Amino acid sequence: MFSLWILAHGLFGLIIGSFLNVVALRSFTGRSLQGRSGCLSCGGTLTPLMLVPVLSWVAMRRQCVHCGSRISLQYPLVEIVTALGFATVAGMALVPFAHVCALVLVAFWILISTYDIRHTIVPDGWAYAACIAAFGIAFAATQPNEWVYLVVGAAVPAIPLLLLWVATSGKAMGFGDVKLALSMGALLGPLYGTAAVFLAFVIGALVSVFILMPWPHFARLYTYLVSPRLRRYRVGFTMNSEVPFGPFLISGAFIVWLQLTYHLHLPLIDLFLFPFVR
């Protein structure tokens, strides 16, 4: 039964992930979320069989059947990540209300990450929705007389980001990331929420170094040696490039959440969290 429970959440996550793709692509563009889906290049209408999560992307060989244009890898990735996120929530020992809030939180975190990667913006409404869902999980696990401390403690992880935002006049950190940190504090509490923020900086530093230093130059060498037609390849990232920080915050929060919920003992993560909980 437990395996079926997880499988059902995974399949449901695939469906929700497909919808999240639509929301991420159409939001704030003037386009309605209703109506038939179509190719972004030629406008050709997609049939229901072309909208099956992941499988359609593979069956159509990653290209539109109407015009042959490439279909972004974003579509299956968002669907798979959502499925994995929902399956992870299925294994958590949560009361029904907190369980629903956890699914909502995961959905909004994935939606925010997708949109932030595309536009380097964390929409306020989505950040607030994630915060409300996180508070729902926390409220379900605490007594009413502790709710005031819960609300106050949720702001603690956002303080370092707020100070960085003020010190750099918003150049090094967007205010949307500050709001996003509130959901981390609400879910994990002041200590673990702060640990998740610092873990996000570590993840961001590692990924940024990987992108800024070796990878673009390896890609340029590859295109020069293997694909002569692409010899004009230019390094897409520099030290002045704007890097979305929301996905790193969410990754840090999710890792710490898994650590706490599943009682995992990962040596590197335990070593990192030790100063916050000793």
# chains A, B, ... in the order shown; residues from 1 in each chain; ligands from 1

call {"tool": "residues_around", "arguments": {"residues": "segment 106-108 of chain A", "least_positions_apart": "3", "cutoff": "10 Å", "atoms": "only C-alpha atoms", "output": "list of chain:residue names"}}
result
A:Gly13, A:Ile16, A:Gly17, A:Leu20, A:Val81, A:Thr82, A:Ala83, A:Gly85, A:Phe86, A:Thr88, A:Val89, A:Cys101, A:Ala102, A:Leu103, A:Leu111, A:Ile112, A:Ser113, A:Thr114, A:Trp126, A:Ala127, A:Tyr128, A:Ala129, A:Ala130, A:Cys131, A:Ala133, A:Ala134, A:Ile250, A:Phe254

call {"tool": "write_last_selection", "arguments": {"atoms": "N, CA and C atoms", "output": "CSV table (one decimal), in the first residue's frame"}}
result
chain,number,residue,atom,x,y,z
A,13,GLY,N,2.1,14.1,-9.4
A,13,GLY,CA,3.2,15.1,-9.6
A,13,GLY,C,3.5,15.4,-11.1
A,16,ILE,N,0.7,17.6,-12.3
A,16,ILE,CA,0.9,19.0,-11.8
A,16,ILE,C,2.1,19.7,-12.4
A,17,GLY,N,3.1,18.9,-12.6
A,17,GLY,CA,4.3,19.5,-13.3
A,17,GLY,C,4.0,20.0,-14.6
A,20,LEU,N,2.4,23.2,-14.2
A,20,LEU,CA,3.3,24.3,-13.7
A,20,LEU,C,4.1,24.8,-14.9
A,81,VAL,N,10.8,16.6,-11.7
A,81,VAL,CA,11.1,17.1,-10.4
A,81,VAL,C,9.9,17.2,-9.5
A,82,THR,N,8.8,17.6,-10.1
A,82,THR,CA,7.5,17.7,-9.4
A,82,THR,C,7.1,16.3,-8.9
A,83,ALA,N,7.2,15.3,-9.8
A,83,ALA,CA,6.9,14.0,-9.4
A,83,ALA,C,7.7,13.5,-8.3
A,85,GLY,N,9.3,15.4,-6.1
A,85,GLY,CA,8.9,16.1,-4.9
A,85,GLY,C,7.6,15.6,-4.2
A,86,PHE,N,6.6,15.3,-5.0
A,86,PHE,CA,5.4,14.8,-4.5
A,86,PHE,C,5.6,13.4,-3.9
A,88,THR,N,8.3,12.4,-2.5
A,88,THR,CA,9.0,12.6,-1.3
A,88,THR,C,8.0,13.0,-0.2
A,89,VAL,N,7.1,13.9,-0.5
A,89,VAL,CA,6.1,14.3,0.5
A,89,VAL,C,5.2,13.1,0.9
A,101,CYS,N,-0.7,20.9,2.5
A,101,CYS,CA,0.1,22.1,2.5
A,101,CYS,C,1.5,21.8,1.9
A,102,ALA,N,2.0,20.7,2.3
A,102,ALA,CA,3.4,20.3,1.8
A,102,ALA,C,3.4,20.1,0.3
A,103,LEU,N,2.3,19.6,-0.3
A,103,LEU,CA,2.2,19.4,-1.7
A,103,LEU,C,2.2,20.8,-2.4
A,111,LEU,N,7.6,26.0,-9.1
A,111,LEU,CA,7.1,27.1,-10.0
A,111,LEU,C,8.0,28.3,-9.9
A,112,ILE,N,8.4,28.7,-8.6
A,112,ILE,CA,9.3,29.8,-8.4
A,112,ILE,C,10.6,29.6,-9.0
A,113,SER,N,11.2,28.4,-8.8
A,113,SER,CA,12.5,28.1,-9.4
A,113,SER,C,12.5,28.2,-10.9
A,114,THR,N,11.5,27.6,-11.5
A,114,THR,CA,11.4,27.6,-12.9
A,114,THR,C,11.3,29.0,-13.5
A,126,TRP,N,3.6,34.4,-5.6
A,126,TRP,CA,4.0,33.0,-5.4
A,126,TRP,C,4.9,32.8,-4.1
A,127,ALA,N,5.7,33.8,-3.8
A,127,ALA,CA,6.5,33.8,-2.6
A,127,ALA,C,5.6,33.8,-1.4
A,128,TYR,N,4.5,34.6,-1.4
A,128,TYR,CA,3.6,34.7,-0.3
A,128,TYR,C,2.8,33.4,-0.2
A,129,ALA,N,2.4,32.8,-1.3
A,129,ALA,CA,1.7,31.5,-1.3
A,129,ALA,C,2.5,30.4,-0.7
A,130,ALA,N,3.8,30.4,-1.1
A,130,ALA,CA,4.7,29.4,-0.5
A,130,ALA,C,4.8,29.6,1.0
A,131,CYS,N,4.9,30.8,1.4
A,131,CYS,CA,5.0,31.1,2.9
A,131,CYS,C,3.8,30.7,3.6
A,133,ALA,N,1.7,28.2,2.7
A,133,ALA,CA,1.7,26.8,2.8
A,133,ALA,C,2.7,26.3,3.8
A,134,ALA,N,3.9,26.9,4.0
A,134,ALA,CA,4.9,26.5,5.0
A,134,ALA,C,4.3,26.7,6.4
A,250,ILE,N,15.8,27.4,-2.4
A,250,ILE,CA,14.9,26.3,-2.4
A,250,ILE,C,15.6,24.9,-2.2
A,254,PHE,N,15.1,22.4,0.9
A,254,PHE,CA,14.6,21.1,0.6
A,254,PHE,C,15.5,20.0,1.2

call {"tool": "residues_around", "arguments": {"residues": "Ile132 of chain A", "least_positions_apart": "3", "cutoff": "12 Å", "atoms": "only C-alpha atoms", "output": "list in words"}}
result
Ala98, Cys101, Ala102, Val104, Leu105, Phe108, Gly125, Trp126, Ala127, Tyr128, Ala129, Phe135, Gly136, Ile137, Ala138, Phe139, Val151, Ala154, Lys179, Leu180, Leu182, Ser183, Met184, Gly185, Ala186 and Leu187 of chain A

call {"tool": "closest_residue", "arguments": {"among": "A:Ala158, A:Leu55, A:Ala87, A:Cys42", "to": "Cys67 of chain A", "atoms": "only C-alpha atoms"}}
result
A:Cys42

call {"tool": "atom_distance", "arguments": {"atom1": "atom CA of Ala253 of chain A", "atom2": "atom CA of Ala196 of chain A"}}
result
4.9 Å

call {"tool": "select_by_dssp", "arguments": {"residues": "segment 64-127 of chain A", "states": "helix (DSSP H, G or I)", "output": "ChimeraX atom specification"}}
result
/A:74-90,96-119,124-127

call {"tool": "closest_residue", "arguments": {"among": "A:Asp124, A:Arg62, A:Ala141, A:Ser3", "to": "Leu94 of chain A", "atoms": "only C-alpha atoms"}}
result
A:Ala141

call {"tool": "atom_distance", "arguments": {"atom1": "atom CA of Val54 of chain A", "atom2": "atom CA of His9 of chain A"}}
result
15.9 Å

call {"tool": "atom_distance", "arguments": {"atom1": "atom CA of Leu199 of chain A", "atom2": "atom CA of Ile6 of chain A"}}
result
27.9 Å

call {"tool": "residues_around", "arguments": {"residues": "Ser72 of chain A", "least_positions_apart": "4", "cutoff": "12 Å", "atoms": "only C-alpha atoms", "output": "list in words"}}
result
Asn21, Leu25, Cys39, Leu40, Ser41, Val54, Trp57, Val58, Arg61, Arg62, Gln63, Cys64, Pro76, Leu77, Val78 and Arg118 of chain A

call {"tool": "write_last_selection", "arguments": {"atoms": "C-alpha atoms", "output": "PDB file, in the first residue's frame"}}
result
ATOM      1  CA  ASN A  21       5.063  24.524 -17.054  1.00  0.00           C
ATOM      2  CA  LEU A  25       5.378  30.204 -19.424  1.00  0.00           C
ATOM      3  CA  CYS A  39       3.760  25.288 -30.050  1.00  0.00           C
ATOM      4  CA  LEU A  40       5.509  28.490 -28.996  1.00  0.00           C
ATOM      5  CA  SER A  41       7.221  28.722 -32.387  1.00  0.00           C
ATOM      6  CA  VAL A  54       7.615  13.192 -20.273  1.00  0.00           C
ATOM      7  CA  TRP A  57       8.514  14.784 -25.205  1.00  0.00           C
ATOM      8  CA  VAL A  58      10.425  11.556 -25.822  1.00  0.00           C
ATOM      9  CA  ARG A  61      11.926  13.310 -30.314  1.00  0.00           C
ATOM     10  CA  ARG A  62      12.119  16.658 -28.538  1.00  0.00           C
ATOM     11  CA  GLN A  63      10.651  18.587 -31.459  1.00  0.00           C
ATOM     12  CA  CYS A  64       7.324  19.998 -32.611  1.00  0.00           C
ATOM     13  CA  PRO A  76      10.188  17.031 -18.814  1.00  0.00           C
ATOM     14  CA  LEU A  77      12.541  18.320 -16.111  1.00  0.00           C
ATOM     15  CA  VAL A  78       9.804  20.257 -14.316  1.00  0.00           C
ATOM     16  CA  ARG A 118      13.966  32.034 -16.878  1.00  0.00           C
TER      17      ARG A 118
END

call {"tool": "residues_around", "arguments": {"residues": "Pro157 of chain A", "least_positions_apart": "2", "cutoff": "9 Å", "atoms": "only C-alpha atoms", "output": "number ranges by chain"}}
result
A: 153-155, 159-161, 178, 181-182, 184-185, 189-197
